[in-house]
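Visitor: The structure file input31.cif (mmCIF, N, CA and C atoms) is provided below.
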data_start
#
loop_
_atom_site.label_atom_id
_atom_site.label_comp_id
_atom_site.auth_asym_id
_atom_site.auth_seq_id
_atom_site.Cartn_x
_atom_site.Cartn_y
_atom_site.Cartn_z
N MET U 1 95.13 98.94 106.99
CA MET U 1 96.30 99.11 107.84
C MET U 1 96.48 97.90 108.75
N GLU U 2 95.37 97.45 109.37
CA GLU U 2 95.44 96.31 110.26
C GLU U 2 95.87 95.06 109.50
N THR U 3 95.34 94.89 108.28
CA THR U 3 95.70 93.74 107.46
C THR U 3 97.17 93.78 107.11
N ASP U 4 97.69 94.99 106.81
CA ASP U 4 99.11 95.13 106.50
C ASP U 4 99.96 94.68 107.68
N LEU U 5 99.57 95.05 108.88
CA LEU U 5 100.32 94.66 110.07
C LEU U 5 100.32 93.15 110.24
N LYS U 6 99.16 92.53 110.04
CA LYS U 6 99.08 91.07 110.17
C LYS U 6 99.95 90.39 109.12
N LYS U 7 99.98 90.94 107.91
CA LYS U 7 100.82 90.35 106.86
C LYS U 7 102.30 90.51 107.18
N ILE U 8 102.69 91.65 107.68
CA ILE U 8 104.10 91.88 108.03
C ILE U 8 104.51 90.93 109.14
N VAL U 9 103.68 90.82 110.17
CA VAL U 9 103.99 89.90 111.28
C VAL U 9 104.08 88.48 110.75
N GLY U 10 103.15 88.09 109.90
CA GLY U 10 103.16 86.74 109.33
C GLY U 10 104.42 86.46 108.53
N GLN U 11 104.83 87.45 107.71
CA GLN U 11 106.05 87.28 106.91
C GLN U 11 107.28 87.14 107.80
N ARG U 12 107.33 87.93 108.85
CA ARG U 12 108.48 87.85 109.75
C ARG U 12 108.49 86.55 110.53
N LEU U 13 107.31 86.06 110.89
CA LEU U 13 107.25 84.75 111.55
C LEU U 13 107.70 83.66 110.59
N GLN U 14 107.34 83.80 109.32
CA GLN U 14 107.78 82.81 108.33
C GLN U 14 109.30 82.80 108.23
N LEU U 15 109.92 83.99 108.16
CA LEU U 15 111.38 84.06 108.10
C LEU U 15 112.03 83.43 109.33
N LEU U 16 111.46 83.71 110.49
CA LEU U 16 112.01 83.13 111.72
C LEU U 16 111.86 81.62 111.72
N ARG U 17 110.72 81.13 111.23
CA ARG U 17 110.51 79.68 111.16
C ARG U 17 111.53 79.04 110.23
N LEU U 18 111.75 79.66 109.07
CA LEU U 18 112.73 79.14 108.12
C LEU U 18 114.14 79.19 108.70
N GLU U 19 114.42 80.26 109.44
CA GLU U 19 115.73 80.39 110.08
C GLU U 19 115.97 79.25 111.07
N LYS U 20 114.89 78.76 111.69
CA LYS U 20 114.98 77.64 112.65
C LYS U 20 114.84 76.29 111.95
N ASN U 21 114.79 76.31 110.60
CA ASN U 21 114.66 75.09 109.79
C ASN U 21 113.43 74.26 110.18
N LEU U 22 112.32 74.95 110.39
CA LEU U 22 111.07 74.27 110.71
C LEU U 22 110.11 74.41 109.54
N THR U 23 109.35 73.37 109.26
CA THR U 23 108.31 73.44 108.24
C THR U 23 107.03 73.98 108.87
N GLN U 24 106.08 74.37 108.03
CA GLN U 24 104.80 74.81 108.55
C GLN U 24 104.10 73.67 109.29
N GLU U 25 104.27 72.46 108.79
CA GLU U 25 103.67 71.30 109.45
C GLU U 25 104.25 71.11 110.85
N GLN U 26 105.57 71.24 110.97
CA GLN U 26 106.21 71.08 112.28
C GLN U 26 105.74 72.17 113.25
N MET U 27 105.65 73.40 112.76
CA MET U 27 105.18 74.49 113.62
C MET U 27 103.75 74.24 114.06
N SER U 28 102.90 73.83 113.14
CA SER U 28 101.50 73.61 113.49
C SER U 28 101.36 72.50 114.52
N GLU U 29 102.15 71.44 114.38
CA GLU U 29 102.13 70.36 115.37
C GLU U 29 102.53 70.86 116.75
N LYS U 30 103.62 71.61 116.81
CA LYS U 30 104.13 72.11 118.08
C LYS U 30 103.18 73.10 118.74
N LEU U 31 102.36 73.77 117.91
CA LEU U 31 101.40 74.75 118.43
C LEU U 31 100.01 74.15 118.62
N ASN U 32 99.87 72.85 118.34
CA ASN U 32 98.57 72.17 118.41
C ASN U 32 97.53 72.84 117.52
N LEU U 33 97.95 73.16 116.30
CA LEU U 33 97.07 73.75 115.29
C LEU U 33 97.07 72.88 114.05
N SER U 34 96.06 73.05 113.23
CA SER U 34 96.12 72.41 111.92
C SER U 34 97.13 73.18 111.07
N THR U 35 97.65 72.52 110.05
CA THR U 35 98.60 73.21 109.17
C THR U 35 97.95 74.40 108.51
N SER U 36 96.69 74.26 108.09
CA SER U 36 96.02 75.39 107.44
C SER U 36 95.83 76.56 108.40
N ALA U 37 95.57 76.27 109.68
CA ALA U 37 95.42 77.36 110.66
C ALA U 37 96.75 78.08 110.85
N TYR U 38 97.86 77.33 110.88
CA TYR U 38 99.16 77.98 111.02
C TYR U 38 99.49 78.79 109.76
N CYS U 39 99.18 78.24 108.59
CA CYS U 39 99.43 78.97 107.33
C CYS U 39 98.71 80.32 107.34
N LYS U 40 97.51 80.35 107.89
CA LYS U 40 96.75 81.60 107.95
C LYS U 40 97.48 82.64 108.81
N ILE U 41 98.22 82.19 109.81
CA ILE U 41 99.02 83.12 110.62
C ILE U 41 100.09 83.74 109.74
N GLU U 42 100.82 82.90 109.00
CA GLU U 42 101.91 83.40 108.16
C GLU U 42 101.40 84.25 106.99
N TYR U 43 100.18 83.98 106.52
CA TYR U 43 99.61 84.76 105.42
C TYR U 43 98.91 86.03 105.90
N GLY U 44 98.90 86.23 107.22
CA GLY U 44 98.30 87.44 107.78
C GLY U 44 96.79 87.42 107.78
N GLU U 45 96.20 86.24 107.80
CA GLU U 45 94.75 86.13 107.79
C GLU U 45 94.17 85.92 109.19
N THR U 46 95.03 85.75 110.18
CA THR U 46 94.59 85.44 111.54
C THR U 46 95.11 86.49 112.51
N ASP U 47 94.22 86.92 113.42
CA ASP U 47 94.65 87.79 114.51
C ASP U 47 95.42 86.94 115.52
N LEU U 48 96.54 87.45 115.97
CA LEU U 48 97.35 86.72 116.93
C LEU U 48 97.13 87.27 118.33
N THR U 49 96.99 86.36 119.27
CA THR U 49 96.89 86.76 120.67
C THR U 49 98.28 86.76 121.28
N LEU U 50 98.42 87.42 122.41
CA LEU U 50 99.71 87.39 123.12
C LEU U 50 100.04 85.97 123.57
N THR U 51 99.01 85.22 123.92
CA THR U 51 99.23 83.82 124.32
C THR U 51 99.80 83.01 123.18
N ARG U 52 99.25 83.19 121.97
CA ARG U 52 99.74 82.46 120.80
C ARG U 52 101.17 82.89 120.45
N LEU U 53 101.44 84.20 120.51
CA LEU U 53 102.80 84.68 120.24
C LEU U 53 103.79 84.14 121.26
N ASN U 54 103.37 84.04 122.51
CA ASN U 54 104.24 83.49 123.55
C ASN U 54 104.53 82.02 123.26
N LYS U 55 103.53 81.28 122.82
CA LYS U 55 103.72 79.86 122.48
C LYS U 55 104.66 79.73 121.27
N ILE U 56 104.52 80.61 120.28
CA ILE U 56 105.41 80.60 119.12
C ILE U 56 106.85 80.86 119.57
N ALA U 57 107.01 81.80 120.50
CA ALA U 57 108.35 82.09 121.03
C ALA U 57 108.94 80.85 121.70
N GLU U 58 108.14 80.15 122.48
CA GLU U 58 108.61 78.92 123.14
C GLU U 58 109.06 77.89 122.10
N VAL U 59 108.24 77.70 121.06
CA VAL U 59 108.57 76.73 120.01
C VAL U 59 109.88 77.10 119.34
N MET U 60 110.11 78.40 119.16
CA MET U 60 111.33 78.88 118.50
C MET U 60 112.49 79.05 119.47
N ASN U 61 112.29 78.60 120.70
CA ASN U 61 113.35 78.61 121.70
C ASN U 61 113.87 80.01 122.01
N MET U 62 112.96 80.94 122.20
CA MET U 62 113.36 82.31 122.51
C MET U 62 112.32 82.91 123.45
N SER U 63 112.70 84.00 124.07
CA SER U 63 111.75 84.70 124.94
C SER U 63 110.74 85.45 124.09
N ALA U 64 109.62 85.77 124.71
CA ALA U 64 108.60 86.55 124.00
C ALA U 64 109.17 87.91 123.60
N LEU U 65 109.97 88.52 124.47
CA LEU U 65 110.58 89.81 124.15
C LEU U 65 111.48 89.71 122.92
N GLU U 66 112.27 88.64 122.85
CA GLU U 66 113.14 88.45 121.69
C GLU U 66 112.30 88.28 120.42
N LEU U 67 111.22 87.52 120.52
CA LEU U 67 110.33 87.34 119.36
C LEU U 67 109.74 88.67 118.94
N PHE U 68 109.26 89.47 119.89
CA PHE U 68 108.69 90.78 119.56
C PHE U 68 109.71 91.67 118.87
N ASN U 69 110.95 91.64 119.36
CA ASN U 69 111.99 92.46 118.74
C ASN U 69 112.29 92.00 117.33
N LYS U 70 112.28 90.69 117.12
CA LYS U 70 112.53 90.19 115.76
C LYS U 70 111.37 90.52 114.83
N ILE U 71 110.16 90.45 115.34
CA ILE U 71 108.99 90.81 114.53
C ILE U 71 109.01 92.29 114.22
N ASP U 72 109.42 93.10 115.21
CA ASP U 72 109.48 94.55 115.02
C ASP U 72 110.36 94.91 113.84
N GLY U 73 111.44 94.16 113.65
CA GLY U 73 112.28 94.36 112.48
C GLY U 73 113.31 95.45 112.61
N ASN U 74 113.21 96.29 113.62
CA ASN U 74 114.20 97.35 113.79
C ASN U 74 115.43 96.87 114.53
N SER U 75 115.27 95.81 115.27
CA SER U 75 116.41 95.28 116.00
C SER U 75 116.32 93.76 116.00
N TYR U 76 117.38 93.14 116.34
CA TYR U 76 117.42 91.69 116.39
C TYR U 76 118.41 91.28 117.47
N PHE U 77 118.25 90.08 117.96
CA PHE U 77 119.17 89.54 118.95
C PHE U 77 120.18 88.66 118.23
N THR U 78 121.43 88.85 118.50
CA THR U 78 122.46 88.01 117.91
C THR U 78 122.59 86.74 118.74
N ASN U 79 123.37 85.78 118.26
CA ASN U 79 123.56 84.53 118.99
C ASN U 79 124.15 84.77 120.37
N SER U 80 124.90 85.84 120.53
CA SER U 80 125.51 86.12 121.83
C SER U 80 124.53 86.82 122.77
N GLY U 81 123.31 87.12 122.28
CA GLY U 81 122.30 87.73 123.11
C GLY U 81 122.32 89.24 123.09
N THR U 82 123.22 89.83 122.32
CA THR U 82 123.26 91.29 122.25
C THR U 82 122.28 91.78 121.20
N ILE U 83 121.91 93.02 121.30
CA ILE U 83 120.96 93.60 120.36
C ILE U 83 121.72 94.34 119.28
N GLY U 84 121.34 94.11 118.03
CA GLY U 84 121.91 94.82 116.90
C GLY U 84 120.82 95.60 116.21
N VAL U 85 121.18 96.51 115.38
CA VAL U 85 120.19 97.31 114.66
C VAL U 85 120.45 97.18 113.17
N ASN U 86 119.39 96.93 112.41
CA ASN U 86 119.51 96.90 110.95
C ASN U 86 119.60 98.33 110.46
N ASN U 87 120.58 98.61 109.64
CA ASN U 87 120.76 99.95 109.11
C ASN U 87 120.26 100.01 107.68
N ILE U 88 119.35 100.93 107.43
CA ILE U 88 118.83 101.14 106.09
C ILE U 88 119.19 102.56 105.70
N GLY U 89 119.89 102.71 104.58
CA GLY U 89 120.25 104.04 104.12
C GLY U 89 119.70 104.30 102.73
N ILE U 90 119.01 105.40 102.56
CA ILE U 90 118.45 105.76 101.26
C ILE U 90 118.92 107.16 100.92
N SER U 91 119.45 107.33 99.71
CA SER U 91 119.90 108.66 99.30
C SER U 91 118.68 109.58 99.13
N LYS U 92 118.92 110.89 99.11
CA LYS U 92 117.82 111.85 99.04
C LYS U 92 116.94 111.64 97.82
N ASP U 93 117.53 111.27 96.69
CA ASP U 93 116.72 111.09 95.49
C ASP U 93 116.18 109.65 95.35
N CYS U 94 116.40 108.83 96.38
CA CYS U 94 115.91 107.45 96.43
C CYS U 94 116.48 106.57 95.31
N SER U 95 117.59 107.01 94.72
CA SER U 95 118.16 106.21 93.63
C SER U 95 119.06 105.11 94.16
N ASN U 96 119.45 105.22 95.39
CA ASN U 96 120.40 104.27 95.95
C ASN U 96 119.88 103.75 97.28
N LEU U 97 119.74 102.45 97.41
CA LEU U 97 119.27 101.85 98.64
C LEU U 97 120.39 101.01 99.22
N LYS U 98 120.72 101.25 100.47
CA LYS U 98 121.75 100.47 101.15
C LYS U 98 121.10 99.77 102.32
N LEU U 99 121.19 98.47 102.35
CA LEU U 99 120.55 97.69 103.39
C LEU U 99 121.59 96.77 103.99
N GLU U 100 121.83 96.91 105.29
CA GLU U 100 122.78 96.05 105.98
C GLU U 100 121.99 95.08 106.84
N LEU U 101 122.11 93.79 106.52
CA LEU U 101 121.39 92.76 107.24
C LEU U 101 122.38 91.81 107.91
N PRO U 102 121.95 91.13 108.97
CA PRO U 102 122.82 90.12 109.57
C PRO U 102 123.11 89.01 108.57
N ASP U 103 124.26 88.37 108.71
CA ASP U 103 124.67 87.30 107.80
C ASP U 103 123.62 86.21 107.71
N GLU U 104 122.96 85.89 108.84
CA GLU U 104 121.96 84.82 108.83
C GLU U 104 120.82 85.16 107.88
N VAL U 105 120.41 86.42 107.87
CA VAL U 105 119.31 86.83 106.99
C VAL U 105 119.77 86.81 105.54
N ASN U 106 120.98 87.29 105.27
CA ASN U 106 121.50 87.25 103.91
C ASN U 106 121.58 85.82 103.40
N ASN U 107 122.06 84.90 104.24
CA ASN U 107 122.14 83.49 103.84
C ASN U 107 120.75 82.91 103.60
N LEU U 108 119.80 83.30 104.42
CA LEU U 108 118.43 82.83 104.25
C LEU U 108 117.85 83.34 102.94
N ILE U 109 118.10 84.59 102.63
CA ILE U 109 117.61 85.17 101.37
C ILE U 109 118.22 84.43 100.18
N LYS U 110 119.53 84.17 100.24
CA LYS U 110 120.20 83.46 99.15
C LYS U 110 119.62 82.06 98.98
N SER U 111 119.41 81.35 100.09
CA SER U 111 118.88 79.98 99.98
C SER U 111 117.44 80.00 99.48
N ASN U 112 116.66 81.00 99.90
CA ASN U 112 115.29 81.12 99.40
C ASN U 112 115.28 81.40 97.91
N ASN U 113 116.19 82.25 97.44
CA ASN U 113 116.28 82.53 96.00
C ASN U 113 116.63 81.28 95.21
N LYS U 114 117.55 80.47 95.75
CA LYS U 114 117.90 79.22 95.08
C LYS U 114 116.69 78.29 95.02
N MET U 115 115.95 78.22 96.12
CA MET U 115 114.78 77.36 96.17
C MET U 115 113.74 77.84 95.16
N ILE U 116 113.54 79.13 95.07
CA ILE U 116 112.59 79.69 94.10
C ILE U 116 113.02 79.35 92.68
N ASP U 117 114.31 79.48 92.39
CA ASP U 117 114.81 79.12 91.05
C ASP U 117 114.55 77.66 90.74
N MET U 118 114.84 76.78 91.72
CA MET U 118 114.63 75.34 91.51
C MET U 118 113.15 75.04 91.28
N LEU U 119 112.28 75.65 92.09
CA LEU U 119 110.85 75.41 91.94
C LEU U 119 110.34 75.94 90.60
N SER U 120 110.87 77.08 90.17
CA SER U 120 110.48 77.63 88.87
C SER U 120 110.86 76.67 87.75
N LYS U 121 112.05 76.09 87.83
CA LYS U 121 112.49 75.13 86.82
C LYS U 121 111.60 73.88 86.84
N CYS U 122 111.23 73.43 88.03
CA CYS U 122 110.35 72.26 88.13
C CYS U 122 108.99 72.55 87.51
N ILE U 123 108.46 73.73 87.79
CA ILE U 123 107.17 74.12 87.22
C ILE U 123 107.27 74.18 85.70
N GLU U 124 108.34 74.76 85.21
CA GLU U 124 108.55 74.85 83.76
C GLU U 124 108.61 73.46 83.13
N MET U 125 109.34 72.54 83.78
CA MET U 125 109.45 71.18 83.26
C MET U 125 108.08 70.50 83.23
N LEU U 126 107.30 70.67 84.32
CA LEU U 126 105.97 70.06 84.38
C LEU U 126 105.04 70.65 83.32
N GLU U 127 105.13 71.96 83.12
CA GLU U 127 104.30 72.58 82.10
C GLU U 127 104.66 72.07 80.72
N ASN U 128 105.96 71.91 80.45
CA ASN U 128 106.40 71.39 79.15
C ASN U 128 105.97 69.95 78.96
N ARG U 129 105.96 69.18 80.03
CA ARG U 129 105.56 67.78 79.97
C ARG U 129 104.09 67.65 79.63
N ASN U 130 103.28 68.58 80.14
CA ASN U 130 101.83 68.51 79.93
C ASN U 130 101.39 69.07 78.58
N GLN U 131 102.30 69.63 77.81
CA GLN U 131 101.92 70.21 76.51
C GLN U 131 101.96 69.22 75.41
#
Please express what this file holds, its structure, as structure tokens.

Guide:
Amino acid sequence: METDLKKIVGQRLQLLRLEKNLTQEQMSEKLNLSTSAYCKIEYGETDLTLTRLNKIAEVMNMSALELFNKIDGNSYFTNSGTIGVNNIGISKDCSNLKLELPDEVNNLIKSNNKMIDMLSKCIEMLENRNQ
């Protein structure tokens, strides 16, 4: 259970970092960590202190409260500073999932999918080259 929480927090921190267009290397530099130490945070292998979370919030230009709310995943702060709520609707038989996300998250998901497709093609090309 504890590991699951660390992984969820790490994944949400990764999304926030990508939303801010920061690389893992840039985050690690700003936090005075090695890149591998920062990666362990995003992979859920490291326990986070409140001090470290506060520093991450500073790097991401937000308050610690805003960071906690974004990590929580039930609410988010919009650019205007207001709080919104993600709505998830599931039918009784679980056959239909409706997920309403902010436009920024949808755009991030789309760009991540494009990046995954491009990387998959690159891997395929490299594998074909080595055969």

Visitor: Compare U:Ser36, U:Cys122, U:Leu5, U:Met27 by their minimum atom-to-atom distance to Val59 of chain U, counting only N, CA and C atoms, and give me the closest one.

Guide: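 That would be U:Met27, the residue with the smallest distance to Val59 of chain U.
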
Visitor: I'd like to know which of U:Glu25, U:Thr51, U:Lys121, U:Asp4 is closest to Cys39 of chain U, using only N, CA and C atoms.

Guide: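 Answer, going by the shortest atom-to-atom distance: U:Glu25.
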
Visitor: Write out as a list in words the residues lying within 7 Å of segment 65-73 of chain U, counting all atoms listed in the file and excluding same-chain residues fewer than 6 positions away.

Guide: Ile8, Val9, Arg12, Leu13, Ala57 and Asn86 of chain U

Visitor: Just the number, please: distance in Å from atom N of Lys55 of chain U to atom N of Asn112 of chain U, one decimal.

Guide: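 Going from atom N of Lys55 of chain U over to atom N of Asn112 of chain U, I get 26.4 Å.
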
Visitor: So how many Å separate atom N of Asn107 of chain U and atom CA of Leu22 of chain U, to one decimal?

Guide: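 Here the two named atoms are 16.6 Å from each other.
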
Visitor: Would you work out the distance separating atom CA of Leu126 of chain U from atom CA of Asn21 of chain U, expressed in Å to one decimal?

Guide: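 Separation of atom CA of Leu126 of chain U and atom CA of Asn21 of chain U: 27.3 Å.
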
Visitor: Tell me which protein, DNA and RNA residues are within 8 Å of Ala37 of chain U, counting all atoms listed in the file, leaving out same-chain ones fewer than 4 positions away, and put them as number ranges by chain.

Guide: U: 28, 33, 41-42, 46

Visitor: From the options U:Gln14, U:Lys20, U:Met62, U:Glu29, which residue's atoms come nearest to Tyr43 of chain U, counting all atoms listed in the file?

Guide: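 Closest to Tyr43 of chain U, using all atoms listed in the file: U:Gln14.
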
Visitor: Which is closer to Tyr38 of chain U than all the others in U:Asn130, U:Ser63, U:Asn54, U:Gln24, using only N, CA and C atoms?

Guide: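 Closest to Tyr38 of chain U of all the choices is U:Gln24.
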
Visitor: Return as a list in words the full set of residues in segment 19-57 of chain U whose backbone-based DSSP assignment is alpha helix (DSSP H).

Guide: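 Restricting segment 19-57 of chain U to alpha helix (DSSP H) produces Glu19, Gln24, Glu25, Gln26, Met27, Ser28, Glu29, Lys30, Thr35, Ser36, Ala37, Tyr38, Cys39, Lys40, Ile41, Glu42, Leu50, Thr51, Arg52, Leu53, Asn54, Lys55, Ile56 and Ala57 of chain U.
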
Visitor: Looking at U:Lys40, U:Met125, U:Leu31, U:Glu19, which one is nearest to Leu53 of chain U, with distances taken over only C-alpha atoms?

Guide: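 Comparing U:Lys40, U:Met125, U:Leu31, U:Glu19 against Leu53 of chain U, the winner is U:Leu31.
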